[in-house]
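Visitor: Sharing query_15.cif here; it has mmCIF, C-alpha atoms.
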```cif
data_start
loop_
_atom_site.label_atom_id
_atom_site.label_comp_id
_atom_site.auth_asym_id
_atom_site.auth_seq_id
_atom_site.Cartn_x
_atom_site.Cartn_y
_atom_site.Cartn_z
CA MET T 1 86.76 124.10 107.13
CA HIS T 2 84.74 121.47 105.43
CA PHE T 3 85.48 117.74 105.08
CA GLN T 4 84.30 115.95 101.96
CA PRO T 5 82.17 112.80 102.08
CA ARG T 6 84.05 109.62 101.14
CA VAL T 7 82.61 108.45 97.84
CA SER T 8 85.25 106.23 96.19
CA ILE T 9 88.61 104.61 96.80
CA LEU T 10 90.07 106.63 93.92
CA GLN T 11 88.89 109.88 95.52
CA VAL T 12 90.23 108.93 98.96
CA GLU T 13 93.60 107.57 97.81
CA GLU T 14 94.48 109.66 94.77
CA GLY T 15 92.26 112.72 95.04
CA LEU T 16 92.88 116.26 96.23
CA GLU T 17 89.93 116.40 98.64
CA LEU T 18 90.29 116.05 102.40
CA ALA T 19 87.84 113.25 103.25
CA PRO T 20 89.07 111.98 106.62
CA LYS T 21 87.84 108.84 108.33
CA PHE T 22 87.60 108.86 112.11
CA GLY T 23 87.51 105.63 114.13
CA PRO T 24 84.73 104.26 116.34
CA GLU T 25 85.27 106.88 119.06
CA GLY T 26 85.49 109.64 116.48
CA LEU T 27 89.29 109.72 116.74
CA MET T 28 92.21 109.27 114.36
CA PRO T 29 95.89 108.84 115.25
CA CYS T 30 98.28 111.72 114.59
CA ILE T 31 102.05 111.14 114.29
CA THR T 32 103.98 114.22 115.33
CA THR T 33 107.63 114.69 114.38
CA ASP T 34 110.19 117.42 114.96
CA ALA T 35 110.35 119.55 111.81
CA ALA T 36 114.10 120.07 112.06
CA SER T 37 115.44 116.69 113.21
CA GLY T 38 112.65 114.42 111.93
CA GLU T 39 112.51 112.70 115.33
CA VAL T 40 109.17 111.11 116.19
CA LEU T 41 107.96 113.07 119.22
CA MET T 42 104.57 111.54 120.05
CA LEU T 43 101.40 109.95 118.81
CA GLY T 44 98.25 111.90 119.68
CA TRP T 45 94.59 111.46 118.83
CA MET T 46 92.44 113.94 116.92
CA ASN T 47 88.71 114.26 116.61
CA ALA T 48 87.16 116.32 113.79
CA GLU T 49 87.34 119.52 115.84
CA ALA T 50 91.04 118.98 116.65
CA LEU T 51 91.84 118.38 112.99
CA ARG T 52 89.98 121.54 111.95
CA LEU T 53 91.60 123.65 114.69
CA THR T 54 95.08 122.35 113.85
CA ALA T 55 94.67 123.20 110.16
CA ALA T 56 93.08 126.58 110.85
CA THR T 57 95.44 127.81 113.57
CA GLY T 58 98.70 126.08 112.59
CA GLU T 59 99.06 124.87 116.19
CA ALA T 60 98.63 121.22 117.15
CA HIS T 61 95.32 120.37 118.78
CA TYR T 62 94.44 116.87 119.97
CA TRP T 63 91.71 115.10 121.91
CA SER T 64 92.84 114.04 125.35
CA ARG T 65 91.61 110.48 125.85
CA SER T 66 92.56 110.43 129.53
CA ARG T 67 90.87 113.74 130.37
CA GLN T 68 88.18 113.46 127.64
CA VAL T 69 88.58 117.10 126.63
CA PRO T 70 89.88 119.05 123.62
CA TRP T 71 93.60 119.60 124.13
CA ARG T 72 95.62 122.48 122.74
CA LYS T 73 99.09 121.01 123.16
CA GLY T 74 101.22 123.24 125.37
CA ALA T 75 98.29 125.13 126.92
CA THR T 76 99.63 124.34 130.39
CA SER T 77 103.35 123.87 129.77
CA GLY T 78 103.94 126.53 127.11
CA MET T 79 105.43 123.83 124.88
CA VAL T 80 103.08 124.65 122.01
CA GLN T 81 103.62 122.79 118.74
CA ARG T 82 103.76 125.12 115.71
CA VAL T 83 102.85 123.10 112.64
CA VAL T 84 105.24 123.40 109.70
CA GLU T 85 103.50 120.75 107.60
CA MET T 86 100.45 118.50 107.88
CA ARG T 87 99.96 115.37 105.82
CA ILE T 88 97.22 112.78 105.49
CA ASP T 89 97.79 109.11 104.69
CA ASP T 90 96.63 107.00 101.74
CA ASP T 91 93.21 106.03 103.13
CA GLN T 92 92.89 109.30 105.09
CA ASP T 93 92.60 107.83 108.57
CA VAL T 94 95.99 108.96 109.95
CA VAL T 95 97.47 112.48 110.18
CA ARG T 96 101.14 113.37 110.36
CA LEU T 97 102.45 116.71 111.66
CA ARG T 98 105.90 118.23 111.41
CA VAL T 99 106.19 120.75 114.24
CA ARG T 100 108.48 123.24 115.96
CA VAL T 101 108.05 122.84 119.69
CA GLN T 102 108.02 126.12 121.62
CA GLY T 103 109.22 126.83 125.17
CA LEU T 104 111.42 124.14 126.69
CA GLY T 105 111.06 122.07 123.52
CA ALA T 106 109.71 118.79 124.92
CA SER T 107 106.58 116.88 123.90
CA CYS T 108 106.37 114.12 126.53
CA HIS T 109 104.49 114.56 129.82
CA VAL T 110 107.16 112.48 131.61
CA GLY T 111 109.68 115.23 130.85
CA TYR T 112 111.60 113.78 127.92
CA ARG T 113 111.89 115.43 124.52
CA SER T 114 110.14 112.52 122.78
CA CYS T 115 107.69 109.98 124.19
CA PHE T 116 109.81 107.23 122.61
CA TYR T 117 112.73 107.25 125.04
CA ARG T 118 113.09 103.49 125.52
CA SER T 119 114.15 100.85 123.00
CA VAL T 120 112.91 97.25 122.97
CA PRO T 121 115.51 94.50 122.42
CA LEU T 122 115.18 92.44 119.23
CA GLY T 123 116.04 88.96 117.97
CA GLU T 124 118.02 86.88 120.46
CA GLN T 125 117.79 89.74 122.95
CA ALA T 126 113.96 89.83 122.75
CA GLY T 127 112.38 89.77 126.20
CA LYS T 128 115.35 91.44 127.90
CA ALA T 129 115.20 94.79 129.70
CA LEU T 130 114.32 97.98 127.85
CA THR T 131 117.12 100.50 127.25
CA PHE T 132 116.79 104.25 127.82
CA THR T 133 117.73 106.25 124.73
CA GLU T 134 117.30 109.67 126.36
CA THR T 135 119.60 110.21 129.32
CA HIS T 136 118.05 113.29 130.87
CA LYS T 137 114.69 114.98 131.22
CA VAL T 138 114.11 118.37 129.66
CA PHE T 139 111.80 119.32 132.52
CA GLU T 140 110.48 117.97 135.81
CA PRO T 141 106.77 117.23 135.41
CA GLY T 142 105.92 118.33 138.96
CA GLU T 143 107.32 121.79 138.27
CA VAL T 144 105.32 122.19 135.06
CA TYR T 145 102.03 120.42 135.77
CA GLY T 146 101.81 120.88 139.56
CA ASP T 147 99.38 118.38 141.02
CA ALA T 148 97.41 117.73 137.81
CA PRO T 149 96.62 114.00 137.46
CA ASN T 150 99.07 111.91 135.42
CA PRO T 151 97.44 111.07 132.06
CA THR T 152 98.92 107.54 131.92
CA ARG T 153 96.29 104.85 132.49
CA LEU T 154 97.20 101.34 133.70
CA MET V 1 108.53 86.49 124.85
CA HIS V 2 106.68 87.53 127.91
CA PHE V 3 104.89 90.83 128.64
CA GLN V 4 104.79 92.09 132.21
CA PRO V 5 101.54 93.02 133.97
CA ARG V 6 101.04 96.77 134.44
CA VAL V 7 101.28 97.46 138.15
CA SER V 8 102.21 101.14 138.54
CA ILE V 9 102.68 104.35 136.58
CA LEU V 10 106.33 104.45 137.67
CA GLN V 11 106.90 100.95 136.29
CA VAL V 12 105.15 101.73 132.99
CA GLU V 13 106.74 105.14 132.42
CA GLU V 14 110.20 104.85 133.92
CA GLY V 15 110.81 101.11 134.20
CA LEU V 16 112.77 98.65 132.11
CA GLU V 17 109.95 96.12 131.74
CA LEU V 18 107.88 95.76 128.59
CA ALA V 19 104.29 96.06 129.85
CA PRO V 20 102.32 97.03 126.74
CA LYS V 21 98.70 98.16 126.72
CA PHE V 22 96.54 97.16 123.78
CA GLY V 23 93.33 99.02 122.92
CA PRO V 24 89.75 97.72 122.96
CA GLU V 25 90.23 95.55 119.86
CA GLY V 26 93.54 94.24 121.21
CA LEU V 27 95.50 96.55 118.93
CA MET V 28 98.11 99.27 119.38
CA PRO V 29 99.35 101.74 116.75
CA CYS V 30 102.85 101.31 115.33
CA ILE V 31 104.69 104.21 113.68
CA THR V 32 107.15 102.95 111.08
CA THR V 33 109.96 105.16 109.78
CA ASP V 34 112.79 104.64 107.31
CA ALA V 35 115.94 103.89 109.31
CA ALA V 36 118.18 105.84 106.93
CA SER V 37 116.14 108.93 106.04
CA GLY V 38 113.86 109.11 109.10
CA GLU V 39 110.84 109.52 106.82
CA VAL V 40 107.52 108.36 108.29
CA LEU V 41 106.48 105.47 106.05
CA MET V 42 103.21 104.23 107.55
CA LEU V 43 101.12 103.65 110.63
CA GLY V 44 100.19 100.01 111.19
CA TRP V 45 98.36 98.19 113.96
CA MET V 46 99.82 95.42 116.11
CA ASN V 47 98.16 92.87 118.34
CA ALA V 48 100.16 90.99 120.99
CA GLU V 49 101.20 88.30 118.52
CA ALA V 50 102.43 90.86 115.98
CA LEU V 51 104.48 92.65 118.65
CA ARG V 52 106.04 89.38 119.78
CA LEU V 53 106.79 88.25 116.21
CA THR V 54 108.32 91.60 115.29
CA ALA V 55 110.64 91.56 118.31
CA ALA V 56 111.57 87.90 117.86
CA THR V 57 112.15 87.89 114.09
CA GLY V 58 113.35 91.47 113.51
CA GLU V 59 110.83 91.77 110.67
CA ALA V 60 107.74 93.98 110.95
CA HIS V 61 104.50 92.12 111.60
CA TYR V 62 101.14 93.87 111.90
CA TRP V 63 97.48 92.99 112.23
CA SER V 64 95.54 93.70 109.05
CA ARG V 65 92.33 95.42 110.12
CA SER V 66 90.82 95.24 106.63
CA ARG V 67 91.56 91.53 106.15
CA GLN V 68 91.38 90.63 109.88
CA VAL V 69 94.48 88.42 109.65
CA PRO V 70 98.08 88.52 110.93
CA TRP V 71 100.18 90.37 108.38
CA ARG V 72 103.87 89.87 107.77
CA LYS V 73 104.59 93.08 105.88
CA GLY V 74 105.99 92.30 102.44
CA ALA V 75 104.76 88.68 102.36
CA THR V 76 103.09 89.34 98.98
CA SER V 77 105.16 92.19 97.59
CA GLY V 78 108.62 91.23 98.82
CA MET V 79 108.92 94.66 100.42
CA VAL V 80 109.73 93.19 103.83
CA GLN V 81 110.60 95.67 106.62
CA ARG V 82 113.80 94.71 108.46
CA VAL V 83 113.68 96.30 111.90
CA VAL V 84 116.77 98.28 112.92
CA GLU V 85 115.26 99.58 116.15
CA MET V 86 112.01 99.23 118.07
CA ARG V 87 110.86 101.68 120.72
CA ILE V 88 107.89 101.90 123.05
CA ASP V 89 106.29 105.14 124.23
CA ASP V 90 105.89 106.60 127.71
CA ASP V 91 102.66 104.82 128.66
CA GLN V 92 103.51 101.78 126.50
CA ASP V 93 100.54 101.89 124.17
CA VAL V 94 102.36 102.90 120.97
CA VAL V 95 105.29 101.22 119.18
CA ARG V 96 107.75 102.88 116.83
CA LEU V 97 109.90 100.97 114.33
CA ARG V 98 112.89 102.10 112.32
CA VAL V 99 113.14 99.82 109.30
CA ARG V 100 115.04 99.05 106.13
CA VAL V 101 112.53 98.24 103.42
CA GLN V 102 113.57 95.37 101.15
CA GLY V 103 112.76 94.82 97.47
CA LEU V 104 111.41 97.87 95.64
CA GLY V 105 111.59 99.86 98.87
CA ALA V 106 108.01 101.10 99.20
CA SER V 107 105.62 100.73 102.15
CA CYS V 108 102.33 102.05 100.75
CA HIS V 109 99.81 99.80 99.00
CA VAL V 110 98.96 102.61 96.57
CA GLY V 111 102.51 102.36 95.20
CA TYR V 112 104.19 105.32 96.86
CA ARG V 113 107.25 105.06 99.10
CA SER V 114 105.40 106.46 102.10
CA CYS V 115 101.67 106.46 102.85
CA PHE V 116 101.93 110.19 103.63
CA TYR V 117 102.21 111.49 100.06
CA ARG V 118 99.75 114.39 100.32
CA SER V 119 99.99 117.55 102.38
CA VAL V 120 97.04 119.42 103.88
CA PRO V 121 96.99 123.25 103.53
CA LEU V 122 97.23 125.25 106.77
CA GLY V 123 96.15 128.64 108.10
CA GLU V 124 94.57 130.89 105.48
CA GLN V 125 94.90 128.07 102.94
CA ALA V 126 92.99 125.61 105.16
CA GLY V 127 90.22 123.85 103.24
CA LYS V 128 91.98 124.17 99.87
CA ALA V 129 93.06 121.21 97.76
CA LEU V 130 95.64 118.69 99.01
CA THR V 131 99.09 118.78 97.41
CA PHE V 132 101.00 115.69 96.27
CA THR V 133 104.48 115.50 97.81
CA GLU V 134 105.53 112.35 95.96
CA THR V 135 105.54 112.75 92.21
CA HIS V 136 105.82 109.15 91.08
CA LYS V 137 104.86 105.68 92.24
CA VAL V 138 107.58 103.16 93.07
CA PHE V 139 105.37 100.34 91.79
CA GLU V 140 102.01 99.75 90.15
CA PRO V 141 99.73 98.01 92.66
CA GLY V 142 98.04 95.85 90.01
CA GLU V 143 101.40 94.35 89.02
CA VAL V 144 102.29 93.52 92.62
CA TYR V 145 98.99 92.54 94.22
CA GLY V 146 97.10 91.21 91.18
CA ASP V 147 93.39 91.19 91.86
CA ALA V 148 93.65 91.12 95.67
CA PRO V 149 91.01 93.43 97.21
CA ASN V 150 92.11 97.00 97.99
CA PRO V 151 92.50 97.34 101.79
CA THR V 152 91.12 100.90 101.89
CA ARG V 153 87.65 101.09 103.44
CA LEU V 154 85.28 103.97 102.76
#
```
Re-express the file's structure as structure tokens.
Guide:
Amino acid sequence: MHFQPRVSILQVEEGLELAPKFGPEGLMPCITTDAASGEVLMLGWMNAEALRLTAATGEAHYWSRSRQVPWRKGATSGMVQRVVEMRIDDDQDVVRLRVRVQGLGASCHVGYRSCFYRSVPLGEQAGKALTFTETHKVFEPGEVYGDAPNPTRL
Amino acid sequence: MHFQPRVSILQVEEGLELAPKFGPEGLMPCITTDAASGEVLMLGWMNAEALRLTAATGEAHYWSRSRQVPWRKGATSGMVQRVVEMRIDDDQDVVRLRVRVQGLGASCHVGYRSCFYRSVPLGEQAGKALTFTETHKVFEPGEVYGDAPNPTRL
């Protein structure tokens, strides 16, 4: 699969050619949502290879920034993301996937269904404690990942 | 509004403190969806000030990478994003907003409702032409932005 060179704003914004733009580290953000519920599951990062593999195989591939390796989502956990639809944004530097998550159906390494399980207070409540919006974990990370290092970086 | 220092993975992932992590340019991605339909509207970038202003005012603020200025979304177009809910992800380096878009109700500078108006073919169709998923523009950019420079960069 071949990406086109970026030659004009009209081509990039209104054209039918895939002419993606990767950031300084060769990565672009990917927003992944649940195809059935529309829930935002995670934001991952793709390099050119991950974008090609995702399109070609119909399974979500990312670049793991913490491990610095190509990452077929679900390779360890079995919670593979089958891609129902892929979209590209106006200036072609962000991807969006709608997926069906296999196995236990979670996408967050902490064990929740979505990575976005805490809400941030707004307005007069700004600065107060976060609120959990998911009340239970789908899986226990230790049981799925064993002693693999936690990808979160401080 | 005060951000907490990041002291442990447990605090960042399972705690109730907002301890965000901004990337090398001081920016974190923000996924913005329509509060009613759940549709992904755009991905913007926030610096610390934008995150604080968004939480405090309940209106989406970003950092414009193309103009290199703070950006109150809708300041020019009137299509302000009222924030219904803000969430933070597991390792606190991505924000997600659910918004009600004011005015004409679009969030894409090209004139479409969402920035993700083209789908990318998958599997055996990979590499073929993109498909438009929005068939009409909500507004004509020239009428709204006048001769302001297009933010898309090649």
Visitor: Applying 8 Å and all atoms listed in the file, which residues near Arg96 in chain V remain after dropping the ones on its own chain fewer than 2 positions away? List them as a list of chain:residue names.
Guide: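 The residues satisfying every condition are T:Phe116, V:Cys30, V:Ile31, V:Thr32, V:Thr33, V:Met86, V:Arg87, V:Ile88, V:Asp89, V:Val94, V:Arg98.
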Visitor: Could I get the residues of chain V with an atom no further than 7 Å from an atom of chain T, each paired with its nearest atom pair and that distance in Å to one decimal, using all atoms listed in the file, sorted by chain and residue number, as JSON lines?
Guide:
```
{"residue": "V:Met1", "atom": "CA", "partner": "T:Gly127", "partner_atom": "CA", "distance": 5.2}
{"residue": "V:His2", "atom": "CA", "partner": "T:Gly127", "partner_atom": "CA", "distance": 6.4}
{"residue": "V:Arg6", "atom": "CA", "partner": "T:Leu154", "partner_atom": "CA", "distance": 6.0}
{"residue": "V:Ser8", "atom": "CA", "partner": "T:Leu154", "partner_atom": "CA", "distance": 7.0}
{"residue": "V:Ile9", "atom": "CA", "partner": "T:Thr152", "partner_atom": "CA", "distance": 6.8}
{"residue": "V:Leu16", "atom": "CA", "partner": "T:Leu130", "partner_atom": "CA", "distance": 4.6}
{"residue": "V:Glu17", "atom": "CA", "partner": "T:Ala129", "partner_atom": "CA", "distance": 5.8}
{"residue": "V:Leu18", "atom": "CA", "partner": "T:Leu130", "partner_atom": "CA", "distance": 6.9}
{"residue": "V:Gly38", "atom": "CA", "partner": "T:Gly38", "partner_atom": "CA", "distance": 6.1}
{"residue": "V:Ala55", "atom": "CA", "partner": "T:Leu122", "partner_atom": "CA", "distance": 4.7}
{"residue": "V:Ala56", "atom": "CA", "partner": "T:Gly123", "partner_atom": "CA", "distance": 4.6}
{"residue": "V:Thr57", "atom": "CA", "partner": "T:Gly123", "partner_atom": "CA", "distance": 5.6}
{"residue": "V:Gly58", "atom": "CA", "partner": "T:Gly123", "partner_atom": "CA", "distance": 5.8}
{"residue": "V:Met86", "atom": "CA", "partner": "T:Val120", "partner_atom": "CA", "distance": 5.4}
{"residue": "V:Arg87", "atom": "CA", "partner": "T:Ser119", "partner_atom": "CA", "distance": 4.1}
{"residue": "V:Ile88", "atom": "CA", "partner": "T:Phe116", "partner_atom": "CA", "distance": 5.7}
{"residue": "V:Asp89", "atom": "CA", "partner": "T:Phe116", "partner_atom": "CA", "distance": 4.4}
{"residue": "V:Asp90", "atom": "CA", "partner": "T:Cys115", "partner_atom": "CA", "distance": 5.2}
{"residue": "V:Asp91", "atom": "CA", "partner": "T:Thr152", "partner_atom": "CA", "distance": 5.7}
{"residue": "V:Cys115", "atom": "CA", "partner": "T:Asp89", "partner_atom": "CA", "distance": 5.0}
{"residue": "V:Phe116", "atom": "CA", "partner": "T:Asp89", "partner_atom": "CA", "distance": 4.4}
{"residue": "V:Tyr117", "atom": "CA", "partner": "T:Asp89", "partner_atom": "CA", "distance": 6.8}
{"residue": "V:Arg118", "atom": "CA", "partner": "T:Arg87", "partner_atom": "CA", "distance": 5.6}
{"residue": "V:Ser119", "atom": "CA", "partner": "T:Arg87", "partner_atom": "CA", "distance": 4.1}
{"residue": "V:Val120", "atom": "CA", "partner": "T:Met86", "partner_atom": "CA", "distance": 5.3}
{"residue": "V:Leu122", "atom": "CA", "partner": "T:Ala55", "partner_atom": "CA", "distance": 4.7}
{"residue": "V:Gly123", "atom": "CA", "partner": "T:Ala56", "partner_atom": "CA", "distance": 4.6}
{"residue": "V:Ala126", "atom": "CA", "partner": "T:Ala56", "partner_atom": "CA", "distance": 5.8}
{"residue": "V:Gly127", "atom": "CA", "partner": "T:Met1", "partner_atom": "CA", "distance": 5.2}
{"residue": "V:Ala129", "atom": "CA", "partner": "T:Leu16", "partner_atom": "CA", "distance": 5.2}
{"residue": "V:Leu130", "atom": "CA", "partner": "T:Leu16", "partner_atom": "CA", "distance": 4.6}
{"residue": "V:Thr131", "atom": "CA", "partner": "T:Leu16", "partner_atom": "CA", "distance": 6.8}
{"residue": "V:Thr152", "atom": "CA", "partner": "T:Asp91", "partner_atom": "CA", "distance": 5.7}
{"residue": "V:Leu154", "atom": "CA", "partner": "T:Arg6", "partner_atom": "CA", "distance": 6.0}
```
Visitor: Using the chain letters and numbers from this file, what does the PyMOL selection byres ((chain V and resi 61) around 6) select? Give the answer as a compact mmCIF listing (two decimals) with C-alpha atoms, in the frame of the given file.
Guide:
```txt
# COMPACT_ATOMS: atom_id res chain seq x y z
CA ALA V 50 102.43 90.86 115.98
CA THR V 54 108.32 91.60 115.29
CA ALA V 60 107.74 93.98 110.95
CA TYR V 62 101.14 93.87 111.90
CA TRP V 71 100.18 90.37 108.38
CA ARG V 72 103.87 89.87 107.77
CA LYS V 73 104.59 93.08 105.88
```
Visitor: What is the distance between CA of Thr76 in chain V and CA of Gly23 in chain V, in Å to one decimal?
Guide: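 Going from CA of Thr76 in chain V over to CA of Gly23 in chain V, I get 27.6 Å.
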Visitor: Provide the CA of Ala106 in chain T to CA of Ser66 in chain T distance in Å, to one decimal place.
Guide: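 That distance, rounded to one decimal, is 19.6 Å.
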Visitor: Could you rebuild range 70-100 of chain V with N, CA and C atoms and give me the result as a CSV table (one decimal), in the coordinates of the input?
Guide:
```csv
chain,number,residue,atom,x,y,z
V,70,PRO,N,96.7,88.1,110.7
V,70,PRO,CA,98.1,88.5,110.9
V,70,PRO,C,98.7,88.9,109.6
V,71,TRP,N,99.6,89.8,109.6
V,71,TRP,CA,100.2,90.4,108.4
V,71,TRP,C,101.7,90.6,108.5
V,72,ARG,N,102.4,89.7,107.9
V,72,ARG,CA,103.9,89.9,107.8
V,72,ARG,C,104.1,90.8,106.6
V,73,LYS,N,104.5,92.0,106.9
V,73,LYS,CA,104.6,93.1,105.9
V,73,LYS,C,105.6,92.6,104.8
V,74,GLY,N,105.1,92.7,103.5
V,74,GLY,CA,106.0,92.3,102.4
V,74,GLY,C,105.8,90.9,102.0
V,75,ALA,N,104.9,90.1,102.7
V,75,ALA,CA,104.8,88.7,102.4
V,75,ALA,C,104.4,88.5,100.9
V,76,THR,N,103.5,89.4,100.4
V,76,THR,CA,103.1,89.3,99.0
V,76,THR,C,104.1,90.1,98.1
V,77,SER,N,104.4,91.3,98.5
V,77,SER,CA,105.2,92.2,97.6
V,77,SER,C,106.7,92.0,97.6
V,78,GLY,N,107.2,91.3,98.6
V,78,GLY,CA,108.6,91.2,98.8
V,78,GLY,C,109.2,92.4,99.5
V,79,MET,N,108.4,93.5,99.8
V,79,MET,CA,108.9,94.7,100.4
V,79,MET,C,108.9,94.5,102.0
V,80,VAL,N,109.6,93.5,102.4
V,80,VAL,CA,109.7,93.2,103.8
V,80,VAL,C,110.4,94.4,104.6
V,81,GLN,N,110.0,94.6,105.8
V,81,GLN,CA,110.6,95.7,106.6
V,81,GLN,C,111.5,95.0,107.7
V,82,ARG,N,112.8,95.2,107.5
V,82,ARG,CA,113.8,94.7,108.5
V,82,ARG,C,113.9,95.8,109.6
V,83,VAL,N,113.7,95.3,110.8
V,83,VAL,CA,113.7,96.3,111.9
V,83,VAL,C,115.1,96.6,112.4
V,84,VAL,N,115.5,97.8,112.4
V,84,VAL,CA,116.8,98.3,112.9
V,84,VAL,C,116.6,98.6,114.4
V,85,GLU,N,115.5,99.2,114.8
V,85,GLU,CA,115.3,99.6,116.2
V,85,GLU,C,113.8,99.6,116.4
V,86,MET,N,113.4,99.2,117.6
V,86,MET,CA,112.0,99.2,118.1
V,86,MET,C,112.0,100.0,119.4
V,87,ARG,N,111.0,100.9,119.5
V,87,ARG,CA,110.9,101.7,120.7
V,87,ARG,C,109.4,101.6,121.2
V,88,ILE,N,109.2,101.9,122.5
V,88,ILE,CA,107.9,101.9,123.0
V,88,ILE,C,107.7,103.3,123.7
V,89,ASP,N,106.5,103.8,123.7
V,89,ASP,CA,106.3,105.1,124.2
V,89,ASP,C,106.1,105.2,125.7
V,90,ASP,N,105.9,106.4,126.3
V,90,ASP,CA,105.9,106.6,127.7
V,90,ASP,C,104.9,105.7,128.4
V,91,ASP,N,103.6,105.7,128.0
V,91,ASP,CA,102.7,104.8,128.7
V,91,ASP,C,102.5,103.4,128.0
V,92,GLN,N,103.4,103.1,127.1
V,92,GLN,CA,103.5,101.8,126.5
V,92,GLN,C,102.2,101.3,125.8
V,93,ASP,N,101.7,102.3,125.0
V,93,ASP,CA,100.5,101.9,124.2
V,93,ASP,C,100.7,102.3,122.7
V,94,VAL,N,102.0,102.6,122.4
V,94,VAL,CA,102.4,102.9,121.0
V,94,VAL,C,103.8,102.4,120.7
V,95,VAL,N,104.0,101.7,119.6
V,95,VAL,CA,105.3,101.2,119.2
V,95,VAL,C,105.8,102.1,118.0
V,96,ARG,N,107.1,102.2,117.9
V,96,ARG,CA,107.8,102.9,116.8
V,96,ARG,C,108.9,102.0,116.3
V,97,LEU,N,108.9,101.8,115.0
V,97,LEU,CA,109.9,101.0,114.3
V,97,LEU,C,110.7,101.8,113.4
V,98,ARG,N,112.0,101.6,113.4
V,98,ARG,CA,112.9,102.1,112.3
V,98,ARG,C,113.3,100.9,111.5
V,99,VAL,N,113.0,101.0,110.2
V,99,VAL,CA,113.1,99.8,109.3
V,99,VAL,C,114.0,100.1,108.0
V,100,ARG,N,114.5,99.0,107.5
V,100,ARG,CA,115.0,99.0,106.1
V,100,ARG,C,114.1,98.2,105.3
```
